[in-house]
Structures are given as structure tokens and as C-alpha cells.
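Coordinates as given in protein_39.pdb (PDB, C-alpha atoms):
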```pdb
ATOM      1  CA  MET A   1       6.929  -7.261  22.683
ATOM      2  CA  PRO A   2       9.303  -4.875  24.421
ATOM      3  CA  ILE A   3       6.539  -2.819  26.036
ATOM      4  CA  PHE A   4       5.024  -5.821  27.821
ATOM      5  CA  ASP A   5       8.505  -6.945  28.817
ATOM      6  CA  TYR A   6       9.115  -3.476  30.295
ATOM      7  CA  ILE A   7       5.797  -3.480  32.183
ATOM      8  CA  PHE A   8       6.105  -6.983  33.648
ATOM      9  CA  ASN A   9       9.827  -6.765  34.470
ATOM     10  CA  TYR A  10       9.870  -3.106  35.518
ATOM     11  CA  ASP A  11      11.677  -3.576  38.852
ATOM     12  CA  TYR A  12      14.395  -5.799  37.366
ATOM     13  CA  ILE A  13      14.950  -3.448  34.413
ATOM     14  CA  VAL A  14      15.189  -0.343  36.654
ATOM     15  CA  THR A  15      17.614  -1.924  39.135
ATOM     16  CA  GLU A  16      19.759  -4.089  36.840
ATOM     17  CA  LEU A  17      19.463  -3.221  33.141
ATOM     18  CA  CYS A  18      19.070   0.567  33.193
ATOM     19  CA  ILE A  19      22.101   2.353  31.745
ATOM     20  CA  ASN A  20      21.431   5.537  33.737
ATOM     21  CA  LYS A  21      20.917   3.968  37.189
ATOM     22  CA  ASP A  22      24.026   5.875  38.418
ATOM     23  CA  ARG A  23      22.329   9.191  37.529
ATOM     24  CA  PRO A  24      19.022   9.383  39.439
ATOM     25  CA  ASP A  25      18.552  13.039  38.415
ATOM     26  CA  LEU A  26      17.587  11.857  34.894
ATOM     27  CA  ALA A  27      14.662   9.782  36.271
ATOM     28  CA  CYS A  28      15.207   7.280  33.460
ATOM     29  CA  ASN A  29      13.548   4.349  35.267
ATOM     30  CA  GLY A  30      14.570   1.887  32.558
ATOM     31  CA  LYS A  31      13.233   3.909  29.631
ATOM     32  CA  CYS A  32      16.689   3.730  28.045
ATOM     33  CA  TYR A  33      16.395  -0.074  27.964
ATOM     34  CA  LEU A  34      12.855   0.201  26.556
ATOM     35  CA  MET A  35      14.034   2.524  23.764
ATOM     36  CA  GLN A  36      16.878   0.158  22.851
ATOM     37  CA  SER A  37      14.454  -2.794  22.765
ATOM     38  CA  LEU A  38      12.002  -0.876  20.576
ATOM     39  CA  ALA A  39      14.815   0.149  18.215
ATOM     40  CA  ARG A  40      15.981  -3.478  17.886
ATOM     41  CA  GLN A  41      12.423  -4.628  17.164
ATOM     42  CA  ALA A  42      11.916  -1.871  14.572
ATOM     43  CA  ASP A  43      15.165  -2.832  12.817
ATOM     44  CA  LYS A  44      14.121  -6.483  12.811
ATOM     45  CA  GLU A  45      10.690  -5.668  11.331
ATOM     46  CA  HIS A  46      12.300  -3.409   8.728
ATOM     47  CA  GLU A  47      14.628  -6.215   7.616
ATOM     48  CA  GLU A  48      11.696  -8.646   7.401
ATOM     49  CA  LYS A  49       9.752  -6.217   5.216
ATOM     50  CA  ARG A  50      12.768  -5.729   2.950
ATOM     51  CA  GLY A  51      13.021  -9.498   2.548
ATOM     52  CA  ASN A  52       9.332  -9.713   1.632
ATOM     53  CA  LEU A  53       9.710  -6.994  -0.999
ATOM     54  CA  ALA A  54      12.625  -8.807  -2.601
ATOM     55  CA  ASN A  55      10.517 -11.947  -3.058
ATOM     56  CA  ARG A  56       7.769 -10.260  -5.052
ATOM     57  CA  TYR A  57       7.354 -10.917  -8.730
ATOM     58  CA  GLU A  58       8.492  -8.361 -11.249
ATOM     59  CA  LEU A  59       5.885  -7.073 -13.662
ATOM     60  CA  PHE A  60       6.888  -5.859 -17.078
ATOM     61  CA  LEU A  61       5.038  -3.054 -18.785
ATOM     62  CA  LEU A  62       4.519  -3.642 -22.482
ATOM     63  CA  TYR A  63       2.682  -1.287 -24.788
ATOM     64  CA  PHE A  64       2.438  -0.642 -28.481
ATOM     65  CA  GLU A  65       2.098   2.739 -30.077
ATOM     66  CA  ILE A  66      -0.551   2.977 -32.795
ATOM     67  CA  ASP A  67       0.367   5.173 -35.746
ATOM     68  CA  LYS A  68      -3.179   6.028 -36.791
ATOM     69  CA  VAL A  69      -6.706   5.084 -35.851
ATOM     70  CA  ASN A  70      -9.097   3.878 -38.528
ATOM     71  CA  LEU A  71     -12.723   4.640 -37.620
ATOM     72  CA  ASP A  72     -14.189   3.505 -40.950
ATOM     73  CA  LYS A  73     -14.436  -0.147 -39.956
ATOM     74  CA  LYS A  74     -17.554  -2.112 -40.641
ATOM     75  CA  PRO A  75     -19.314  -3.694 -37.678
ATOM     76  CA  LEU A  76     -18.660  -7.349 -36.938
ATOM     77  CA  ILE A  77     -21.633  -9.597 -37.604
ATOM     78  CA  PHE A  78     -22.071 -12.701 -35.495
ATOM     79  CA  GLU A  79     -24.586 -15.399 -36.311
ATOM     80  CA  ASP A  80     -25.574 -18.161 -33.970
ATOM     81  CA  SER A  81     -27.332 -21.450 -34.656
ATOM     82  CA  ASP A  82     -30.837 -19.910 -34.450
ATOM     83  CA  LYS A  83     -29.976 -17.433 -37.224
ATOM     84  CA  HIS A  84     -30.085 -14.417 -34.902
ATOM     85  CA  VAL A  85     -27.771 -11.667 -36.065
ATOM     86  CA  PHE A  86     -25.727  -9.661 -33.590
ATOM     87  CA  LEU A  87     -23.949  -6.482 -34.609
ATOM     88  CA  TYR A  88     -20.914  -5.200 -32.771
ATOM     89  CA  LEU A  89     -19.322  -1.843 -33.408
ATOM     90  CA  ALA A  90     -16.802  -0.525 -30.908
ATOM     91  CA  ASN A  91     -17.065   3.246 -31.266
ATOM     92  CA  TYR A  92     -16.666   4.584 -27.766
ATOM     93  CA  THR A  93     -16.605   8.296 -27.019
ATOM     94  CA  PHE A  94     -16.633  10.292 -23.828
ATOM     95  CA  LEU A  95     -17.409  13.977 -23.419
ATOM     96  CA  PHE A  96     -15.315  15.837 -20.913
ATOM     97  CA  GLY A  97     -17.625  18.634 -19.835
ATOM     98  CA  LYS A  98     -16.010  21.638 -18.193
ATOM     99  CA  ARG A  99     -19.288  23.140 -17.005
ATOM    100  CA  LYS A 100     -20.362  22.314 -13.467
ATOM    101  CA  VAL A 101     -24.006  21.449 -12.927
ATOM    102  CA  LYS A 102     -25.662  23.374 -10.103
ATOM    103  CA  PRO A 103     -27.963  21.455  -7.755
ATOM    104  CA  PRO A 104     -31.677  22.258  -7.995
ATOM    105  CA  ILE A 105     -33.083  24.914  -5.683
ATOM    106  CA  VAL A 106     -35.938  23.561  -3.609
TER     107      VAL A 106
END
```
Take the structure in this file and express it as C-alpha cells.
Amino acid sequence: MPIFDYIFNYDYIVTELCINKDRPDLACNGKCYLMQSLARQADKEHEEKRGNLANRYELFLLYFEIDKVNLDKKPLIFEDSDKHVFLYLANYTFLFGKRKVKPPIV
């Protein structure tokens, strides 16, 4: 990690690796080297993430459009070995209410 490298090698970075060591008025103190290291690490992580995205599977969306809906179907009747009859009818409805319910006043 560039930040730990900067902290542990602060004296060496300030005296040897700093680009602005000839201009003490900027008070860079090796921050230029730290920024370059962070930029290199960010580019490396970005490339790794791009590689991971390329390896993902592609999903295909497939749908069929129904011309009309027939609601006059008879329910399905299932019988098991004990002669119990199960009825199944898939009529599902949902009411979208526009009215908001007020909380009770206590």
C-alpha cells in the first residue's frame, strides 16, 4: 500500500524521490511521490476490475408476448392415492389503492 510505504519511508522519499525537492517553498515533502503511487495503484485496481467484468457470464432475456388472456379456465383437479381431491385455480388479483390510510389517534 502506497500510504504505508510513504509513512515508513518518509525520510528517504522526501530526500531522494520527491520531484519538488528543489523547490522548498511548495512544502511538498514527498506528497508528489505519494500521489503518483496512489494513481498507479488506482489504475491497477481499475484494470483488475475490468478484467473481472469481462469474465462474467452473459444472461439473455427471453420473453413471450401473450395475445389474449383466457380467464374461463376450469380449475385443475389433482387426486392422490388416498382419494383426496385438491383444486387449483390460479386467479390472482391485486388492488392498487390510491387512498392513504391514516394512523389511529390515541
Legend entry - Closest of A:Ile105, A:Lys44, A:Asp11, A:Tyr6 to Lys31 in chain A - atom-to-atom distances counting only C-alpha atoms: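 Counting only C-alpha atoms, the residue closest to Lys31 in chain A is A:Tyr6.
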Can you list, as a PDB file with C-alpha atoms, in the frame of the given file, the residues that the PyMOL selection byres ((chain A and resi 14) around 12) selects here?
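result_34.pdb, written as the output of this step:
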```pdb
ATOM      1  CA  TYR A   6       9.115  -3.476  30.295  1.00  0.00           C
ATOM      2  CA  ILE A   7       5.797  -3.480  32.183  1.00  0.00           C
ATOM      3  CA  PHE A   8       6.105  -6.983  33.648  1.00  0.00           C
ATOM      4  CA  ASN A   9       9.827  -6.765  34.470  1.00  0.00           C
ATOM      5  CA  TYR A  10       9.870  -3.106  35.518  1.00  0.00           C
ATOM      6  CA  ASP A  11      11.677  -3.576  38.852  1.00  0.00           C
ATOM      7  CA  TYR A  12      14.395  -5.799  37.366  1.00  0.00           C
ATOM      8  CA  ILE A  13      14.950  -3.448  34.413  1.00  0.00           C
ATOM      9  CA  THR A  15      17.614  -1.924  39.135  1.00  0.00           C
ATOM     10  CA  GLU A  16      19.759  -4.089  36.840  1.00  0.00           C
ATOM     11  CA  LEU A  17      19.463  -3.221  33.141  1.00  0.00           C
ATOM     12  CA  CYS A  18      19.070   0.567  33.193  1.00  0.00           C
ATOM     13  CA  ILE A  19      22.101   2.353  31.745  1.00  0.00           C
ATOM     14  CA  ASN A  20      21.431   5.537  33.737  1.00  0.00           C
ATOM     15  CA  LYS A  21      20.917   3.968  37.189  1.00  0.00           C
ATOM     16  CA  ASP A  22      24.026   5.875  38.418  1.00  0.00           C
ATOM     17  CA  ARG A  23      22.329   9.191  37.529  1.00  0.00           C
ATOM     18  CA  PRO A  24      19.022   9.383  39.439  1.00  0.00           C
ATOM     19  CA  ALA A  27      14.662   9.782  36.271  1.00  0.00           C
ATOM     20  CA  CYS A  28      15.207   7.280  33.460  1.00  0.00           C
ATOM     21  CA  ASN A  29      13.548   4.349  35.267  1.00  0.00           C
ATOM     22  CA  GLY A  30      14.570   1.887  32.558  1.00  0.00           C
ATOM     23  CA  LYS A  31      13.233   3.909  29.631  1.00  0.00           C
ATOM     24  CA  CYS A  32      16.689   3.730  28.045  1.00  0.00           C
ATOM     25  CA  TYR A  33      16.395  -0.074  27.964  1.00  0.00           C
ATOM     26  CA  LEU A  34      12.855   0.201  26.556  1.00  0.00           C
TER      27      LEU A  34
END
```
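Picture a line from CA of Met1 in chain A to CA of Glu48 in chain A; it runs 16.1 Å.
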Inset, instruction - Could you please determine the separation between CA of Glu47 in chain A and CA of Leu61 in chain A in Å, to one decimal place? - result: 28.3 Å
Inset, instruction - Could you jot down the CA of Leu26 in chain A to CA of Asp43 in chain A separation for me, Å, one decimal place? - result: 26.6 Å
